[in-house]
Amino acid sequence: MNSLLPWFILLLPLASASVIILFTRRFKRVSSFISVATAVAGFVASFLLFRQAGPSAAPLTWIDFPGVFTVPLGFSLDGLSKTMLLVVTGVGSLIHIYSLGYMRDEEGQSRYFAALSLFMFAMIGIVLANNFVMLFIFWELVGFTSYVLIGHWFDRDAAAEAAKKAFLTNRVGDFGFMLGILMIWMPTRSIVFQDIEAAMPQTGLTPGYLTIAALLIFCGAAAKSAQFPLHVWLPDAMEGPTPVSALIHAATMVAAGVYMLVRVAFIIQASPDALTVIAWIGTITAVMAALIATQQNDIKKILAYSTLSQLGYMVMAVGLASKEAAMFHLFTHAFFKALLFLGAGSIIIMLHHEQNIWKMGGLARKLPITFLTFTIGALALMGCPPFSGFFSKDAILALAYQNNPWIFAVGLFTAFLTAFYVTRLLVVVFLGKPRTAEAQGGDEAPLVMTGPLIILAAFSVLAGFAFFAQRFLALPQETEVSAVVPALATLAMVGGVGLGFFIYRNRTGERFDIALLRHRFYVDEFYSWLIDSTQEALARLSAFIDRWIIDAGVVRGASGGAWGAGAILRLVQVGNLQAYVFLFGLGIVVLIYFTVFR
Amino acid sequence: MLYLIIFTPIVSAILILIGAPARKMALLGSVFVLGLTLLAFAFFQPSSRYPFQYNSSFPILPDWKLNFTIGLDGLSLVMVLLSAIVTVAAVWFTGAIEKYERGFYACLLFISGGAIGAFASLDLFFFYAFHELALIPTFLLIGIWGSGNRNAAAWKITIYLAIGSFILLIGLILLYESIPAGARTFEIAKLKTAAATLPPDAQKNIYLLLLIGFGILVSLFPFHSWAAEAYASAPAPAAMLHAGVLKKFGLYGLLRLAWPLVPIGAHYWTWLLVLLLLGNIIYIGLVTIAQKKLDWMLGYSSVMHMGYIFLGFASSNVLGLTGAAVLMFAHGISIALLFAIAGEVRKRTGTLDFEELGGLGKVMPFAGLAFGFGAFAAIGLPGLANFAGEIMIFFGAFATDWELNRFHMFQIATVLGLWGVVISAVYMLRAYRRVFMGTLNGRDKNVIDLRRSLRLPVTLLIAATVWIGFFPQPFVQRIAPTFRSYFNTPPPP
């Protein structure tokens with residue numbers, strides 16, 4: 001029954017992208033309508049799918065070498081993928097609608113909406129994939145559409161560089177990911193998750209091998225979910241249009257890494273060492289990004305670093321071996337972070353693409369709906385009870401509390417920092433007096449933009465409550481220690497808010513200037529240096545060798561030797577291509593002589 | 001039907017030289033061949049027992065058992081299809097030629113006919129002769145119609161490939177001579193049985209000659225330095241045909257002849273091949289990064305990608321070999337697309353220097369889209385053909401000589417090969433960013449996009465790469481039986 005529904009959900013956005021590219025490139029209204037309609041239809045279909053009990057879909061075969069290597073295009077239809085599908089198509093639909101308003105006056109709308117549809121196709125593919133290769137296919141496609149969307153304004157140098165950087169960083173991660181897939185495939189002879197899970201115990205793999213394989217797979221997730229040390233692309237990716245930042249670089253694509261880790265948790269959990277590494281990487285990312293966020297002045301950059309930080313929490317949860325906690329935070333984060341980005345987008349567009357928070361101020365009165373919804377998102381982000389972020393972050397902190405006091409301490413400190421920088425953002429942007437002319441003339445966004453804000457705000461409040469979240473997720477088990485954790489977390493939050501409010505109330509410029517944080521711990525600088533001193537240096541060296549040694553020396557030497565110096569000199573003097581043509585004729589004659597007449 | 005596929009290009013070329021209207025005749029001929037090839041592809045029955053179809057044979061010199069024998073199995077079918085597609089695109093992309101227009105079109109068609117003939121020949125003699133027929137016009141195209149330092153480039157490729165062909169010839173003759181006189185034959189299928197009795201030492205020597213001979217033709221490291229310069233100097237259609245199609249002859253020869261005929265030799269020299277192919281992937285990859293001009297960059301990238309095909313070949317299992325064949329097709333399509341667009345960019349801006357280009361996506365959106373397809377195909381984006389080939393190659397190579405919890409040569413080669421995928425993304429995206437993205441050079445404000453008529457061949461190439469990218473199975477189904485048949489008769493110990 002209904003076995004075509006998953007196919008329908010998957011292929012609908014692809015059809016939309018194809019139609020736009022092939023037929024409606026010139027008609028931007030039609031293109032945007034097609035894209036939005038398919039996104040909403042995808043959400044409705046996902047909802048139907050969600051309501052069905054255990055439907056199945058017939059797989060197709062992409063590549064088939066019977067008995068050796070088979071890549072099916074099949075679906076994992078379980079609670080995990082169905083919920084994720086709802087989040088992706090739901091948040092995706094809202095952002096599609098919002099884009100109608102945000103991109104109204106932009107060039108290249110058809111390209112934008114085609115890429116957005118293509119992104120939905122790829123993202124849905126990741127969610128539904130039941131095997132590694134299919135997952136990898138859509139994984140790369142997500143990276144590609146992200147490249148296209150970040151580089152939407154491709155004539156801006158910054159956007160062009162950011163797009164390239166995002167794709168290349170993800171490529172580095174995918175290098176590890178593919179290798180991890182190969183390392184798991186060979187001993188289990190399967191790429192299908194279920195079969196791997198069944199075959200894993202009998203493989204006889206050493207712990208060392210397993211740890212390496214698990215960490216390599218994590219490498220892919222680290223790039224996609226922007227974890228240290230592969231996080232550098234995400235802040236730059238903010239060069240893309242703001243709805244793209246909301247959809248791809250906050251709610252869905254970056255969550256794909258976490259989703260994948262949850263999907264293959266059985267591999268990662270087979271190696272305790274890998275888990276420890278993953279937990280610490282998540283922790284480091286969380287605190288590092290939060291520290292950097294306190295010193296950023298671009299509203300989107302602040303949100304980008306908060307995304308990094310929150311993803312760090314999710315990865316921390318994965319590393320603490322709790323799929324449930326990771327998915328819970330992913331679920332709530334998708335709503336409030338999309339909300340925050342879209343709110344930022346409506347500020348940015350009303351201020352004619354001003355993104356510096358110090359040039360805003362006093363926007364609460366100008367943009368009441370944006371202010372209200374943004375504040376809800378902000379409260380959820382900083383983990384203020386009873387907003388959704390509180391519950392999901394609490395679940396992760398409780399987990400850390402039980403397992404590793406150091407991680408818990410850092411997590412708590414991060415919560416404090418989060419509250420601090422979010423308060424800074426709120427106070428500087430919305431309170432006080434307008435600091436520039438643009439900030440005075442702003443006007444509230446149209447309904448097509450505020451509508452999604454309101455809906456997302458409602459979910460940002462709701463999503464954390466157990467009665468609501470339970471319908472979609474398996475929630476992590478609460479234990480008796482949990483009374484301490486929420487108390488400490490709330491204390492940290494209040495402390496952060498208080499400090500932020502106290503420092504930034506009535507300020508017109510940044511109070512601190514911490515070079516280390518402003519320069520994002522110099523990671524980008526370090527990478528430029530590293531790439532320049534290794535890859536680029538090697539490339540220059542190789543090019544030099546190729547030109548002056550292999551080409552000039554070896555080739556000419558060898559050719560002289562092979563042909564006999566006299567013959568070649570004579571031919572060069574003849575200086576005529578026909579001589580060579582003749583020579584080839586001669587070659588054929590020689591062939592005939594040797595083979596036929598002997 | 002196969003006769004028509006092979007001889008239509010050659011006959012058209014002759015007709016053009018005699019006086020038929022050059023462009024129309026060439027287009028007509030190549031489109032006709034493409035149609036026939038697609039039919040042949042559609043009606044091909046994948047089967048391990050009768051790998052060769054559309055067979056035909058007639059004696060030329062009965063006394064010396066020399067027959068003109070042709071036929072297609074999955075491998076050659078795919079190569080012929082590649083030739084047909086790229087020929088149409090290359091001919092279409094040839095605009096007005098200022099001097100010797102007839103000669104130019106005739107040369108293109110001779111290359112095409114020669115390549116198709118070589119792929120379809122089941123007879124050693126014609127296999128070699130057709131390839132020579134295709135090489136000569138390549139030199140002429142570069143030498144007469146090339147740009148830049150065309151004479152030097154033409155000389156270099158000529159000397160180089162002549163040496164390659166010559167070493168190959170010595171290898172083939174040695175092979176022929178090593179077989180007992182009574183069993184000597186040109187027919188590749190019978191040669192296989194006859195060669196099975198060769199002693200290991202003879203196999204090793206023959207294979208080394210074949211590897212180097214064919215390797216030079218495919219720009220195997222360190223015999224690659226003709227390639228980039230030749231492609232940079234060649235007119236775009238010639239670069240499309242040579243890099244896309246003719247260069248694959250060497251790989252085809254290895255897959256068709258060297259590996260099945262002298263398997264012991266092939267096995268013995270695997271270590272050398274792996275070393276050299278890593279030179280292609282890593283070393284040439286780095287050289288490609290350092291290039292400062294688009295045409296050179298594309299030339300080197302094409303050399304680099306041969307490394308992957310060699311990796312599939314070296315892995316010596318059905319998975320890797322099939323992947324190699326699929327990637328041969330895929331690479332041919334993508335590199336033809338890239339050279340075609342690069343040629344158009346040069347026509348319009350007068351340069352391919354990265355420093356002088358930028359932001360062309362604004363004025364040439366279609367060219368930007370097409371180049372994007374080519375570039376992303378080349379770096380193995382799923383959904384485009386190259387990825388399908390690469391993934392089979394990587395899985396195939398990783399499985400070779402597998403031992404639990406250990407990494408041996410092939411596993412390490414796979415790791416380095418995977419790193420090559422990162423390298424190729426670096427140079428392709430860098431090139432795309434420098435040529436099509438960023439600020440437009442004021443000088444290029446009035447550059448116009450591709451004409452409507454040129455969009456058709458571009459679309460043809462894009463459609464081909466998307467087709468295989470989404471549905472590789474029809475290709476796999478047709479190609480795999482050929483390689484499976486290699487394993488059905490295991491080589492004697």
# chains A, B, ... in the order shown; residues from 1 in each chain; ligands from 1

$ interface_residues --of "chain B" --to "chain A" --cutoff "7 Å" --atoms "only C-alpha atoms" --output "PyMOL selection string"
chain B and resi 64+129+132+136+225+283+286-287+289-290+359+381-382+395+399+404-405+415+418-419+422+425-426+429+433+437-439+471-473

$ residues_around --residues "Ile468 (chain B)" --least-positions-apart "3" --cutoff "12 Å" --atoms "only C-alpha atoms" --output "PDB file with C-alpha atoms, in the first residue's frame"
ATOM      1  CA  TRP A  62      21.361   1.896  -9.091  1.00  0.00           C
ATOM      2  CA  ILE A  63      24.357  -0.306  -9.703  1.00  0.00           C
TER       3      ILE A  63
ATOM      4  CA  VAL B  78      30.353   1.863 -25.029  1.00  0.00           C
ATOM      5  CA  LEU B  82      31.395   7.656 -26.822  1.00  0.00           C
ATOM      6  CA  VAL B 326      32.406   3.509 -17.345  1.00  0.00           C
ATOM      7  CA  LEU B 327      34.863   6.216 -16.345  1.00  0.00           C
ATOM      8  CA  PHE B 329      33.086   6.967 -21.235  1.00  0.00           C
ATOM      9  CA  ALA B 330      32.295   9.517 -18.567  1.00  0.00           C
ATOM     10  CA  HIS B 331      35.641  11.245 -18.783  1.00  0.00           C
ATOM     11  CA  ILE B 333      32.077  13.246 -22.302  1.00  0.00           C
ATOM     12  CA  SER B 334      33.094  15.629 -19.548  1.00  0.00           C
ATOM     13  CA  ALA B 377      31.214  15.860 -13.593  1.00  0.00           C
ATOM     14  CA  PRO B 382      26.963  12.111  -7.967  1.00  0.00           C
ATOM     15  CA  GLY B 383      24.255  12.291 -10.585  1.00  0.00           C
ATOM     16  CA  LEU B 384      26.833  12.839 -13.288  1.00  0.00           C
ATOM     17  CA  ALA B 385      28.573  10.036 -15.096  1.00  0.00           C
ATOM     18  CA  ASN B 386      32.092  10.189 -13.654  1.00  0.00           C
ATOM     19  CA  PHE B 387      30.931   9.459 -10.131  1.00  0.00           C
ATOM     20  CA  ALA B 388      29.375   6.171 -11.188  1.00  0.00           C
ATOM     21  CA  GLY B 389      32.677   5.052 -12.665  1.00  0.00           C
ATOM     22  CA  LEU B 461      26.951  16.121 -23.878  1.00  0.00           C
ATOM     23  CA  ILE B 462      25.212  17.197 -20.676  1.00  0.00           C
ATOM     24  CA  ALA B 463      22.363  14.798 -21.359  1.00  0.00           C
ATOM     25  CA  ALA B 464      24.840  11.970 -21.855  1.00  0.00           C
ATOM     26  CA  THR B 465      26.590  12.600 -18.562  1.00  0.00           C
ATOM     27  CA  PHE B 471      21.191   5.248 -14.702  1.00  0.00           C
ATOM     28  CA  PRO B 472      24.562   3.537 -14.841  1.00  0.00           C
ATOM     29  CA  GLN B 473      23.046   0.088 -14.710  1.00  0.00           C
ATOM     30  CA  PRO B 474      22.377  -0.265 -18.476  1.00  0.00           C
ATOM     31  CA  PHE B 475      26.066   0.391 -19.003  1.00  0.00           C
ATOM     32  CA  VAL B 476      27.151  -1.927 -16.237  1.00  0.00           C
TER      33      VAL B 476
END

$ select_by_dssp --residues "region 177-329 of chain B" --states "alpha helix (DSSP H)" --output "ChimeraX atom specification"
/B:177-178,188-195,200-217,227-233,236-241,248-253,259-261,263-268,270-278,284-289,294-315,318-329

$ residues_around --residues "Ala228 (chain B)" --least-positions-apart "4" --cutoff "8 Å" --atoms "only C-alpha atoms" --output "PyMOL selection string"
chain B and resi 232+295-300+303

$ atom_distance --atom1 "CA of Ser57 (chain B)" --atom2 "CA of Glu187 (chain B)"
10.5 Å

$ residues_around --residues "region 279-291 of chain A" --least-positions-apart "2" --cutoff "6 Å" --atoms "only C-alpha atoms" --output "list in words"
Gln227, Phe228, Thr276, Val277, Ala293, Thr294, Tyr305, Leu308, Ser309, Gly312, Val315, Met316, Gly319 and Thr414 of chain A

$ write_last_selection --atoms "N, CA and C atoms" --output "short mmCIF file (atom, residue, chain, number, x, y, z; two decimals), in the first residue's frame"
data_model
loop_
_atom_site.label_atom_id
_atom_site.label_comp_id
_atom_site.auth_asym_id
_atom_site.auth_seq_id
_atom_site.Cartn_x
_atom_site.Cartn_y
_atom_site.Cartn_z
N GLN A 227 32.02 20.81 12.46
CA GLN A 227 32.67 20.61 13.75
C GLN A 227 34.16 20.91 13.63
N PHE A 228 34.73 21.39 14.70
CA PHE A 228 36.16 21.62 14.74
C PHE A 228 36.86 20.32 14.36
N THR A 276 34.67 8.78 22.66
CA THR A 276 35.32 9.81 23.48
C THR A 276 35.80 10.96 22.60
N VAL A 277 36.46 10.61 21.51
CA VAL A 277 36.96 11.66 20.62
C VAL A 277 35.81 12.52 20.12
N ALA A 293 31.56 33.86 19.14
CA ALA A 293 30.31 34.59 18.91
C ALA A 293 30.22 35.84 19.75
N THR A 294 30.85 35.86 20.93
CA THR A 294 30.76 37.04 21.79
C THR A 294 31.45 38.24 21.18
N TYR A 305 27.84 31.33 14.36
CA TYR A 305 28.65 30.73 15.43
C TYR A 305 27.77 30.07 16.48
N LEU A 308 27.13 26.69 15.12
CA LEU A 308 28.27 25.81 15.37
C LEU A 308 28.22 25.28 16.79
N SER A 309 27.97 26.20 17.71
CA SER A 309 27.98 25.85 19.11
C SER A 309 26.89 24.83 19.44
N GLY A 312 27.66 21.58 18.16
CA GLY A 312 28.61 20.97 19.07
C GLY A 312 27.92 20.21 20.18
N VAL A 315 26.66 16.92 18.72
CA VAL A 315 27.73 15.95 18.53
C VAL A 315 28.22 15.43 19.88
N MET A 316 28.24 16.32 20.85
CA MET A 316 28.58 15.90 22.21
C MET A 316 27.63 14.78 22.65
N GLY A 319 28.47 11.62 20.99
CA GLY A 319 29.67 11.05 21.60
C GLY A 319 29.39 10.45 22.96
N THR A 414 29.46 26.91 28.32
CA THR A 414 28.96 27.28 27.01
C THR A 414 27.55 27.83 27.11
#

$ decode --residues "region 104-169 of chain B" --atoms "C-alpha atoms" --output "PDB file, in the first residue's frame"
ATOM      1  CA  PHE B 104      39.584  20.307 -41.105  1.00  0.00           C
ATOM      2  CA  TYR B 105      36.263  18.515 -41.257  1.00  0.00           C
ATOM      3  CA  ALA B 106      37.796  15.589 -43.068  1.00  0.00           C
ATOM      4  CA  CYS B 107      40.438  15.275 -40.373  1.00  0.00           C
ATOM      5  CA  LEU B 108      37.796  15.226 -37.664  1.00  0.00           C
ATOM      6  CA  LEU B 109      35.891  12.512 -39.443  1.00  0.00           C
ATOM      7  CA  PHE B 110      39.013  10.487 -40.061  1.00  0.00           C
ATOM      8  CA  ILE B 111      39.797  10.573 -36.360  1.00  0.00           C
ATOM      9  CA  SER B 112      36.280   9.491 -35.590  1.00  0.00           C
ATOM     10  CA  GLY B 113      36.235   6.707 -38.168  1.00  0.00           C
ATOM     11  CA  GLY B 114      39.656   5.515 -37.088  1.00  0.00           C
ATOM     12  CA  ALA B 115      38.701   5.430 -33.436  1.00  0.00           C
ATOM     13  CA  ILE B 116      35.445   3.618 -34.088  1.00  0.00           C
ATOM     14  CA  GLY B 117      37.215   1.192 -36.372  1.00  0.00           C
ATOM     15  CA  ALA B 118      39.856   0.449 -33.779  1.00  0.00           C
ATOM     16  CA  PHE B 119      37.244  -0.106 -31.088  1.00  0.00           C
ATOM     17  CA  ALA B 120      35.210  -2.411 -33.283  1.00  0.00           C
ATOM     18  CA  SER B 121      38.060  -4.451 -34.726  1.00  0.00           C
ATOM     19  CA  LEU B 122      38.433  -7.960 -33.453  1.00  0.00           C
ATOM     20  CA  ASP B 123      41.577  -8.349 -35.395  1.00  0.00           C
ATOM     21  CA  LEU B 124      44.984  -7.219 -34.216  1.00  0.00           C
ATOM     22  CA  PHE B 125      46.070  -5.857 -37.543  1.00  0.00           C
ATOM     23  CA  PHE B 126      43.107  -3.597 -38.116  1.00  0.00           C
ATOM     24  CA  PHE B 127      42.987  -2.695 -34.474  1.00  0.00           C
ATOM     25  CA  TYR B 128      46.423  -1.160 -34.857  1.00  0.00           C
ATOM     26  CA  ALA B 129      45.945   0.214 -38.357  1.00  0.00           C
ATOM     27  CA  PHE B 130      42.725   2.047 -37.541  1.00  0.00           C
ATOM     28  CA  HIS B 131      44.391   3.733 -34.636  1.00  0.00           C
ATOM     29  CA  GLU B 132      47.239   4.927 -36.821  1.00  0.00           C
ATOM     30  CA  LEU B 133      44.658   6.227 -39.254  1.00  0.00           C
ATOM     31  CA  ALA B 134      43.169   8.293 -36.462  1.00  0.00           C
ATOM     32  CA  LEU B 135      46.474   9.613 -35.137  1.00  0.00           C
ATOM     33  CA  ILE B 136      47.735  11.239 -38.318  1.00  0.00           C
ATOM     34  CA  PRO B 137      44.868  13.728 -38.666  1.00  0.00           C
ATOM     35  CA  THR B 138      45.341  14.653 -35.006  1.00  0.00           C
ATOM     36  CA  PHE B 139      48.846  15.859 -35.756  1.00  0.00           C
ATOM     37  CA  LEU B 140      47.636  17.716 -38.807  1.00  0.00           C
ATOM     38  CA  LEU B 141      44.874  19.417 -36.856  1.00  0.00           C
ATOM     39  CA  ILE B 142      47.318  20.709 -34.279  1.00  0.00           C
ATOM     40  CA  GLY B 143      50.056  21.575 -36.728  1.00  0.00           C
ATOM     41  CA  ILE B 144      47.900  23.409 -39.255  1.00  0.00           C
ATOM     42  CA  TRP B 145      44.960  24.799 -37.315  1.00  0.00           C
ATOM     43  CA  GLY B 146      46.399  25.003 -33.836  1.00  0.00           C
ATOM     44  CA  SER B 147      47.105  28.125 -31.841  1.00  0.00           C
ATOM     45  CA  GLY B 148      49.950  29.327 -29.698  1.00  0.00           C
ATOM     46  CA  ASN B 149      53.138  27.405 -30.106  1.00  0.00           C
ATOM     47  CA  ARG B 150      51.438  24.979 -32.416  1.00  0.00           C
ATOM     48  CA  ASN B 151      54.429  23.688 -34.302  1.00  0.00           C
ATOM     49  CA  ALA B 152      56.330  22.702 -31.211  1.00  0.00           C
ATOM     50  CA  ALA B 153      53.217  21.076 -29.766  1.00  0.00           C
ATOM     51  CA  ALA B 154      52.542  19.175 -32.951  1.00  0.00           C
ATOM     52  CA  TRP B 155      56.102  17.960 -33.080  1.00  0.00           C
ATOM     53  CA  LYS B 156      56.056  16.867 -29.535  1.00  0.00           C
ATOM     54  CA  ILE B 157      52.840  14.889 -29.701  1.00  0.00           C
ATOM     55  CA  THR B 158      53.943  13.367 -32.978  1.00  0.00           C
ATOM     56  CA  ILE B 159      57.299  12.183 -31.742  1.00  0.00           C
ATOM     57  CA  TYR B 160      55.796  11.072 -28.504  1.00  0.00           C
ATOM     58  CA  LEU B 161      52.893   9.089 -29.836  1.00  0.00           C
ATOM     59  CA  ALA B 162      55.058   7.702 -32.588  1.00  0.00           C
ATOM     60  CA  ILE B 163      57.365   6.280 -29.968  1.00  0.00           C
ATOM     61  CA  GLY B 164      54.378   4.955 -28.063  1.00  0.00           C
ATOM     62  CA  SER B 165      52.966   3.288 -31.134  1.00  0.00           C
ATOM     63  CA  PHE B 166      56.352   1.911 -31.958  1.00  0.00           C
ATOM     64  CA  ILE B 167      56.900   0.348 -28.551  1.00  0.00           C
ATOM     65  CA  LEU B 168      53.387  -1.010 -28.777  1.00  0.00           C
ATOM     66  CA  LEU B 169      54.155  -2.435 -32.162  1.00  0.00           C
TER      67      LEU B 169
END
